[in-house]
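Quick look at upload39.cif (mmCIF, C-alpha atoms):
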```cif
data_query
#
loop_
_atom_site.label_atom_id
_atom_site.label_comp_id
_atom_site.auth_asym_id
_atom_site.auth_seq_id
_atom_site.Cartn_x
_atom_site.Cartn_y
_atom_site.Cartn_z
CA MET A 28 88.96 170.14 94.87
CA ARG A 29 89.45 167.51 92.20
CA TYR A 30 90.45 168.28 88.63
CA ALA A 31 90.47 166.07 85.53
CA ILE A 32 93.48 166.86 83.33
CA ILE A 33 93.02 166.05 79.65
CA ALA A 34 95.00 166.75 76.48
CA ASP A 35 95.08 165.96 72.78
CA ILE A 36 91.48 164.92 72.15
CA HIS A 37 92.18 165.21 68.42
CA SER A 38 88.60 164.96 67.19
CA ASN A 39 88.25 161.42 68.55
CA LEU A 40 84.69 161.52 69.85
CA ALA A 41 84.51 157.88 70.96
CA ALA A 42 87.64 158.27 73.08
CA PHE A 43 86.55 161.62 74.50
CA GLN A 44 83.12 160.34 75.45
CA ALA A 45 84.69 157.29 77.13
CA VAL A 46 86.97 159.57 79.14
CA LEU A 47 84.09 161.84 80.17
CA ASP A 48 82.07 158.78 81.21
CA ASP A 49 85.03 157.65 83.33
CA ILE A 50 85.42 161.13 84.81
CA ASN A 51 81.77 161.07 85.81
CA LYS A 52 82.35 157.75 87.61
CA GLN A 53 85.14 159.23 89.71
CA GLU A 54 84.54 160.93 93.03
CA LYS A 55 83.37 164.48 92.44
CA ILE A 56 85.36 166.26 89.73
CA ASP A 57 85.08 170.03 90.09
CA LYS A 58 86.50 171.11 86.74
CA ILE A 59 88.27 169.86 83.62
CA TRP A 60 91.65 171.30 82.69
CA CYS A 61 92.27 170.83 78.95
CA LEU A 62 95.76 171.23 77.52
CA GLY A 63 94.83 171.80 73.89
CA ASP A 64 94.61 170.05 70.54
CA ILE A 65 90.89 169.47 70.73
CA VAL A 66 90.92 168.97 66.95
CA GLY A 67 93.16 167.49 64.26
CA TYR A 68 93.66 163.93 62.99
CA GLY A 69 90.21 162.59 63.92
CA PRO A 70 86.78 162.61 62.25
CA ASP A 71 84.60 164.58 64.72
CA PRO A 72 86.03 168.06 65.36
CA HIS A 73 82.72 169.88 65.78
CA ALA A 74 81.25 167.25 68.11
CA CYS A 75 84.38 167.23 70.30
CA ILE A 76 84.41 171.02 70.62
CA GLU A 77 80.71 171.02 71.42
CA LEU A 78 81.13 168.27 74.02
CA LEU A 79 84.05 170.01 75.72
CA ARG A 80 82.14 173.29 75.81
CA SER A 81 79.26 171.53 77.58
CA THR A 82 81.54 170.82 80.55
CA ASP A 83 82.89 173.07 83.28
CA HIS A 84 86.42 173.55 81.94
CA ILE A 85 89.36 175.76 81.15
CA CYS A 86 91.43 175.17 78.02
CA VAL A 87 94.59 176.38 76.31
CA ALA A 88 95.35 176.31 72.59
CA GLY A 89 97.26 173.53 70.87
CA ASN A 90 99.10 173.69 67.57
CA HIS A 91 96.28 171.93 65.69
CA ASP A 92 93.72 174.27 67.24
CA ARG A 93 95.75 177.22 66.00
CA ALA A 94 96.34 175.73 62.55
CA VAL A 95 92.72 174.98 61.69
CA VAL A 96 91.73 178.61 62.27
CA GLY A 97 94.64 180.01 60.28
CA LYS A 98 96.71 181.22 63.23
CA LEU A 99 99.59 178.81 62.54
CA GLU A 100 101.24 177.77 59.28
CA ILE A 101 101.14 174.04 58.52
CA THR A 102 104.53 173.93 56.80
CA SER A 103 106.03 172.17 59.83
CA PHE A 104 103.24 169.57 59.98
CA ASN A 105 103.74 166.09 58.52
CA PRO A 106 101.63 165.39 55.40
CA TYR A 107 98.97 163.42 57.28
CA ALA A 108 98.56 166.13 59.91
CA ALA A 109 98.50 168.87 57.29
CA GLU A 110 95.81 167.08 55.30
CA ALA A 111 93.75 166.65 58.45
CA VAL A 112 94.08 170.36 59.27
CA VAL A 113 92.70 171.34 55.87
CA TRP A 114 89.88 168.78 56.19
CA THR A 115 89.03 169.91 59.73
CA ALA A 116 88.90 173.61 58.87
CA ASP A 117 86.06 172.87 56.47
CA LYS A 118 84.02 171.09 59.14
CA LEU A 119 83.92 173.79 61.81
CA SER A 120 81.01 176.07 62.59
CA ILE A 121 81.45 179.80 63.11
CA ASP A 122 81.09 179.26 66.86
CA ASP A 123 83.77 176.54 66.73
CA ILE A 124 86.18 178.88 64.97
CA THR A 125 85.52 181.70 67.42
CA TYR A 126 86.04 179.38 70.38
CA LEU A 127 89.35 178.05 69.03
CA LYS A 128 90.62 181.50 68.06
CA ASN A 129 90.00 182.77 71.58
CA LEU A 130 91.85 179.99 73.39
CA PRO A 131 94.85 181.42 75.30
CA GLU A 132 98.38 180.08 74.91
CA SER A 133 98.71 179.60 78.67
CA ILE A 134 96.71 179.75 81.88
CA GLU A 135 97.99 180.10 85.45
CA HIS A 136 95.67 178.45 87.95
CA ASP A 137 96.68 178.22 91.61
CA GLU A 138 100.13 176.58 91.63
CA PHE A 139 99.89 175.33 88.04
CA LEU A 140 100.78 176.67 84.62
CA LEU A 141 98.77 175.08 81.81
CA VAL A 142 100.25 175.01 78.30
CA HIS A 143 100.09 172.69 75.32
CA GLY A 144 103.73 172.40 74.28
CA SER A 145 106.12 173.83 76.86
CA PRO A 146 106.51 176.88 79.11
CA ARG A 147 109.20 178.19 76.77
CA GLU A 148 107.19 177.63 73.56
CA PRO A 149 103.56 177.06 74.60
CA ILE A 150 102.28 175.95 71.20
CA MET A 151 105.02 174.02 69.43
CA GLU A 152 107.84 172.69 71.64
CA TYR A 153 107.87 168.99 72.59
CA ILE A 154 109.22 168.02 76.00
CA LEU A 155 110.59 164.54 75.33
CA SER A 156 113.86 164.52 77.29
CA MET A 157 115.26 165.52 80.66
CA SER A 158 117.55 168.09 79.02
CA VAL A 159 114.65 169.92 77.38
CA ALA A 160 112.58 169.60 80.56
CA ARG A 161 115.40 171.05 82.67
CA GLN A 162 115.66 174.08 80.39
CA ASN A 163 111.93 174.66 80.62
CA PHE A 164 111.87 174.80 84.41
CA ASP A 165 113.46 178.25 84.00
CA PHE A 166 110.49 179.50 81.99
CA PHE A 167 107.64 179.28 84.50
CA ARG A 168 107.15 180.80 87.93
CA THR A 169 104.51 178.45 89.33
CA LYS A 170 105.51 175.33 91.23
CA TYR A 171 103.99 172.96 88.67
CA CYS A 172 103.38 172.92 84.94
CA LEU A 173 100.97 170.76 82.90
CA VAL A 174 101.76 170.04 79.25
CA GLY A 175 100.45 167.90 76.38
CA HIS A 176 101.62 167.68 72.76
CA THR A 177 103.81 164.56 73.00
CA HIS A 178 100.85 162.22 73.67
CA VAL A 179 103.06 160.37 76.19
CA PRO A 180 102.24 160.27 79.94
CA GLN A 181 105.36 161.53 81.71
CA ALA A 182 106.51 163.58 84.66
CA TYR A 183 109.73 165.54 85.11
CA SER A 184 110.81 166.77 88.53
CA LEU A 185 113.38 169.32 89.68
CA ASP A 186 114.57 169.12 93.26
CA ASN A 187 116.15 171.80 95.45
CA GLU A 188 119.62 170.72 94.32
CA ASP A 189 118.75 171.31 90.67
CA ASN A 190 118.56 167.61 89.81
CA CYS A 191 116.09 166.78 87.03
CA THR A 192 114.56 163.30 86.82
CA ALA A 193 111.94 161.67 84.59
CA THR A 194 109.14 159.29 85.55
CA LYS A 195 106.91 157.36 83.17
CA LEU A 196 103.38 157.81 84.43
CA LEU A 197 101.27 154.69 84.95
CA PRO A 198 97.89 154.25 86.69
CA THR A 199 99.69 152.43 89.52
CA ILE A 200 101.84 155.46 90.31
CA LYS A 201 100.62 158.18 92.67
CA LEU A 202 102.51 161.35 91.89
CA ILE A 203 102.65 163.43 95.06
CA THR A 204 102.93 167.19 94.63
CA GLY A 205 105.11 168.84 97.25
CA GLU A 206 108.23 170.99 97.37
CA THR A 207 109.68 169.42 94.22
CA ARG A 208 108.78 171.31 91.06
CA LEU A 209 107.04 169.25 88.37
CA ILE A 210 106.25 169.22 84.66
CA VAL A 211 103.46 166.69 84.08
CA ASN A 212 101.99 165.30 80.85
CA PRO A 213 98.73 163.29 81.19
CA GLY A 214 99.08 161.64 77.77
CA ALA A 215 96.47 161.81 75.03
CA VAL A 216 92.74 161.25 75.04
CA GLY A 217 92.38 160.74 71.31
CA GLN A 218 95.70 159.51 69.99
CA PRO A 219 98.02 157.86 72.55
CA ARG A 220 101.65 157.39 71.51
CA ASP A 221 103.13 155.43 74.39
CA GLY A 222 102.36 151.97 73.01
CA ASN A 223 99.03 151.72 74.85
CA PRO A 224 96.00 152.49 72.64
CA GLU A 225 93.70 153.23 75.59
CA ALA A 226 92.69 156.84 76.14
CA SER A 227 94.71 158.62 78.80
CA TYR A 228 94.01 161.41 81.30
CA ALA A 229 94.86 162.30 84.91
CA VAL A 230 93.12 163.40 88.09
CA TYR A 231 94.58 165.91 90.54
CA ASP A 232 93.22 165.98 94.10
CA THR A 233 94.12 169.10 96.08
CA GLY A 234 93.26 167.36 99.34
CA THR A 235 95.68 164.46 98.95
CA LYS A 236 97.99 166.49 96.64
CA ILE A 237 98.15 163.45 94.34
CA ILE A 238 98.12 163.36 90.55
CA GLN A 239 97.14 159.94 89.22
CA LEU A 240 96.94 158.69 85.64
CA LYS A 241 93.82 156.97 84.33
CA ARG A 242 93.57 154.71 81.24
CA VAL A 243 90.23 154.15 79.55
CA PRO A 244 89.39 151.60 76.82
CA TYR A 245 87.11 152.83 74.05
CA ASP A 246 85.67 151.65 70.74
CA ILE A 247 88.71 152.19 68.53
CA ARG A 248 87.04 150.56 65.54
CA GLN A 249 84.26 153.14 65.63
CA THR A 250 86.76 155.98 65.26
CA GLN A 251 88.73 154.10 62.61
CA ASP A 252 85.62 153.51 60.53
CA ARG A 253 84.66 157.17 60.73
CA ILE A 254 88.18 158.26 59.72
CA VAL A 255 88.09 156.05 56.63
CA LYS A 256 84.54 157.06 55.67
CA SER A 257 85.37 160.74 56.10
CA GLY A 258 88.17 160.59 53.53
CA LEU A 259 90.95 161.34 56.02
CA PRO A 260 94.28 159.47 55.48
CA PRO A 261 93.87 155.75 56.42
CA HIS A 262 97.19 155.95 58.29
CA LEU A 263 95.43 158.06 60.94
CA ALA A 264 93.05 155.16 61.54
CA ALA A 265 95.67 152.41 61.52
CA ARG A 266 97.91 154.01 64.15
CA LEU A 267 95.12 153.99 66.76
CA ASP A 268 95.42 150.19 67.06
CA THR A 269 98.94 150.30 68.46
CA GLY A 270 99.05 153.63 70.29
CA GLU A 271 102.07 154.76 68.32
#
```
Can you give me the file's structure in the form of structure tokens?
Amino acid sequence: MRYAIIADIHSNLAAFQAVLDDINKQEKIDKIWCLGDIVGYGPDPHACIELLRSTDHICVAGNHDRAVVGKLEITSFNPYAAEAVVWTADKLSIDDITYLKNLPESIEHDEFLLVHGSPREPIMEYILSMSVARQNFDFFRTKYCLVGHTHVPQAYSLDNEDNCTATKLLPTIKLITGETRLIVNPGAVGQPRDGNPEASYAVYDTGTKIIQLKRVPYDIRQTQDRIVKSGLPPHLAARLDTGE
């Protein structure tokens, strides 16, 4: 079995379509695992939800997904994100709202736990350091955990001697799943924040037991133009150039 692991689409249709096109070029992908934040920030929330729903997938809820349907307060959001939440909520269909409301906070699938933020706080916690990662290994029972939320491709491992290490994920790295427990972040489809503006996702092959990152160029200008024309904050367009 081969799975495409995606996260943080953030209403960026051009990036999402480019990723799906790349997925379709890979050797057979059996299912998409989505780690939440389908919406927020970008100009095409309805189209992104519709496109994801047209695929064979499972998906957990992200903080933006929760916020746009009124299941999470936006007081902790920065002003740009909060403005985008309000804008997005007005653009969703009834079916979109129902779909987002019904997304679970976590899914266990085989040896993996899927969450958006962290095992400890599935919606809101960012795993950005080894200390936070180490604490979170105590909060899931599966061997591996997949997370999004930070928009940064990263892996944290915990060996049998309780040593936690961090690895920046790159397309040249083949992350082998084995006895070592892992927390893996595939980066962001729609708003990368690791200094590389290309869309990011990963593929997991159960035969080889390898997780490998993929980077996909897309028409950034198209998304930027749609953000500006939609009336969303221009800052949300500008940051796509640098992947920050």
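Applied to this file, the PyMOL selection byres ((chain A and resi 129) around 12) selects Ile85, Cys86, Val87, Ala88, Gly89, Asp92, Arg93, Val96, Lys98, Asp122, Asp123, Ile124, Thr125, Tyr126, Leu127, Lys128, Leu130, Pro131, Glu132 and Ser133 of chain A.
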Those same residues - C-alpha atoms - I'd like them written as a compact mmCIF listing (two decimals), in the frame of the given file.
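So the final result, stored in part00.txt, reads:
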```txt
# COMPACT_ATOMS: atom_id res chain seq x y z
CA ILE A 85 89.36 175.76 81.15
CA CYS A 86 91.43 175.17 78.02
CA VAL A 87 94.59 176.38 76.31
CA ALA A 88 95.35 176.31 72.59
CA GLY A 89 97.26 173.53 70.87
CA ASP A 92 93.72 174.27 67.24
CA ARG A 93 95.75 177.22 66.00
CA VAL A 96 91.73 178.61 62.27
CA LYS A 98 96.71 181.22 63.23
CA ASP A 122 81.09 179.26 66.86
CA ASP A 123 83.77 176.54 66.73
CA ILE A 124 86.18 178.88 64.97
CA THR A 125 85.52 181.70 67.42
CA TYR A 126 86.04 179.38 70.38
CA LEU A 127 89.35 178.05 69.03
CA LYS A 128 90.62 181.50 68.06
CA LEU A 130 91.85 179.99 73.39
CA PRO A 131 94.85 181.42 75.30
CA GLU A 132 98.38 180.08 74.91
CA SER A 133 98.71 179.60 78.67
```
Under the PyMOL selection byres ((chain A and resi 82) around 12), which residues of this model are included? Write them out as a short mmCIF file (atom, residue, chain, number, x, y, z; two decimals) with C-alpha atoms, in the frame of the given file.
```cif
data_model
loop_
_atom_site.label_atom_id
_atom_site.label_comp_id
_atom_site.auth_asym_id
_atom_site.auth_seq_id
_atom_site.Cartn_x
_atom_site.Cartn_y
_atom_site.Cartn_z
CA ALA A 31 90.47 166.07 85.53
CA GLN A 44 83.12 160.34 75.45
CA LEU A 47 84.09 161.84 80.17
CA ILE A 50 85.42 161.13 84.81
CA ASN A 51 81.77 161.07 85.81
CA ILE A 56 85.36 166.26 89.73
CA ASP A 57 85.08 170.03 90.09
CA LYS A 58 86.50 171.11 86.74
CA ILE A 59 88.27 169.86 83.62
CA TRP A 60 91.65 171.30 82.69
CA CYS A 61 92.27 170.83 78.95
CA CYS A 75 84.38 167.23 70.30
CA ILE A 76 84.41 171.02 70.62
CA GLU A 77 80.71 171.02 71.42
CA LEU A 78 81.13 168.27 74.02
CA LEU A 79 84.05 170.01 75.72
CA ARG A 80 82.14 173.29 75.81
CA SER A 81 79.26 171.53 77.58
CA ASP A 83 82.89 173.07 83.28
CA HIS A 84 86.42 173.55 81.94
CA ILE A 85 89.36 175.76 81.15
CA CYS A 86 91.43 175.17 78.02
#
```
One-decimal distance in Å that lies between atom CA of A:Val211 and atom CA of A:Ala94: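 Those two atoms sit 24.4 Å apart.
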Picked residues, the PyMOL selection byres ((chain A and resi 243-257) around 10), as a count of residues only: 39
Contacts of A:Asn90 at 10 Å (all atoms listed in the file; same-chain gap of 2+ positions) as an NGL selection string: :A and (63-67 or 88 or 92-95 or 98-101 or 104 or 132 or 143-144 or 149-152 or 176)
Reconstruct N, CA and C atoms of stretch 136-167 of chain A; output as a short mmCIF file (atom, residue, chain, number, x, y, z; two decimals), in the frame of the given file.
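The new file part30.cif reads:
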```cif
data_model
loop_
_atom_site.label_atom_id
_atom_site.label_comp_id
_atom_site.auth_asym_id
_atom_site.auth_seq_id
_atom_site.Cartn_x
_atom_site.Cartn_y
_atom_site.Cartn_z
N HIS A 136 96.78 178.76 87.04
CA HIS A 136 95.67 178.45 87.95
C HIS A 136 96.26 177.87 89.23
N ASP A 137 96.09 178.60 90.32
CA ASP A 137 96.68 178.22 91.61
C ASP A 137 98.19 178.01 91.44
N GLU A 138 98.68 176.82 91.72
CA GLU A 138 100.13 176.58 91.63
C GLU A 138 100.55 175.98 90.29
N PHE A 139 99.64 175.99 89.32
CA PHE A 139 99.89 175.33 88.04
C PHE A 139 99.93 176.31 86.88
N LEU A 140 100.82 176.04 85.94
CA LEU A 140 100.78 176.67 84.62
C LEU A 140 100.29 175.62 83.64
N LEU A 141 99.30 175.97 82.83
CA LEU A 141 98.77 175.08 81.81
C LEU A 141 99.22 175.57 80.44
N VAL A 142 99.87 174.71 79.68
CA VAL A 142 100.25 175.01 78.30
C VAL A 142 100.09 173.73 77.48
N HIS A 143 100.16 173.87 76.17
CA HIS A 143 100.09 172.69 75.32
C HIS A 143 101.47 172.09 75.10
N GLY A 144 102.41 172.91 74.64
CA GLY A 144 103.73 172.40 74.28
C GLY A 144 104.72 172.45 75.44
N SER A 145 105.15 173.66 75.78
CA SER A 145 106.12 173.83 76.86
C SER A 145 105.99 175.24 77.41
N PRO A 146 106.52 175.50 78.60
CA PRO A 146 106.51 176.88 79.11
C PRO A 146 107.29 177.84 78.21
N ARG A 147 108.37 177.35 77.63
CA ARG A 147 109.20 178.19 76.77
C ARG A 147 108.53 178.49 75.43
N GLU A 148 107.90 177.48 74.83
CA GLU A 148 107.19 177.63 73.56
C GLU A 148 105.84 176.94 73.71
N PRO A 149 104.82 177.68 74.19
CA PRO A 149 103.56 177.06 74.60
C PRO A 149 102.82 176.28 73.52
N ILE A 150 103.03 176.61 72.26
CA ILE A 150 102.28 175.95 71.20
C ILE A 150 103.04 174.79 70.57
N MET A 151 104.34 174.94 70.34
CA MET A 151 105.02 174.02 69.43
C MET A 151 106.10 173.12 70.03
N GLU A 152 106.69 173.47 71.17
CA GLU A 152 107.84 172.69 71.64
C GLU A 152 107.40 171.39 72.31
N TYR A 153 108.08 170.29 71.96
CA TYR A 153 107.87 168.99 72.59
C TYR A 153 108.84 168.81 73.75
N ILE A 154 108.35 168.39 74.89
CA ILE A 154 109.22 168.02 76.00
C ILE A 154 109.31 166.49 76.01
N LEU A 155 110.41 165.99 75.47
CA LEU A 155 110.59 164.54 75.33
C LEU A 155 111.87 164.04 76.00
N SER A 156 112.60 164.93 76.66
CA SER A 156 113.86 164.52 77.29
C SER A 156 114.08 165.33 78.56
N MET A 157 114.95 164.81 79.43
CA MET A 157 115.26 165.52 80.66
C MET A 157 115.98 166.83 80.38
N SER A 158 116.81 166.86 79.33
CA SER A 158 117.55 168.09 79.02
C SER A 158 116.60 169.21 78.62
N VAL A 159 115.62 168.90 77.79
CA VAL A 159 114.65 169.92 77.38
C VAL A 159 113.76 170.30 78.57
N ALA A 160 113.38 169.31 79.37
CA ALA A 160 112.58 169.60 80.56
C ALA A 160 113.33 170.52 81.51
N ARG A 161 114.61 170.22 81.75
CA ARG A 161 115.40 171.05 82.67
C ARG A 161 115.44 172.50 82.21
N GLN A 162 115.65 172.72 80.92
CA GLN A 162 115.66 174.08 80.39
C GLN A 162 114.33 174.78 80.63
N ASN A 163 113.25 174.04 80.51
CA ASN A 163 111.93 174.66 80.62
C ASN A 163 111.53 175.02 82.04
N PHE A 164 112.17 174.41 83.03
CA PHE A 164 111.87 174.80 84.41
C PHE A 164 112.20 176.28 84.66
N ASP A 165 113.08 176.85 83.85
CA ASP A 165 113.46 178.25 84.00
C ASP A 165 112.44 179.20 83.39
N PHE A 166 111.41 178.66 82.74
CA PHE A 166 110.49 179.50 81.99
C PHE A 166 109.08 179.56 82.60
N PHE A 167 108.91 179.07 83.82
CA PHE A 167 107.64 179.28 84.50
C PHE A 167 107.87 179.53 85.98
#
```
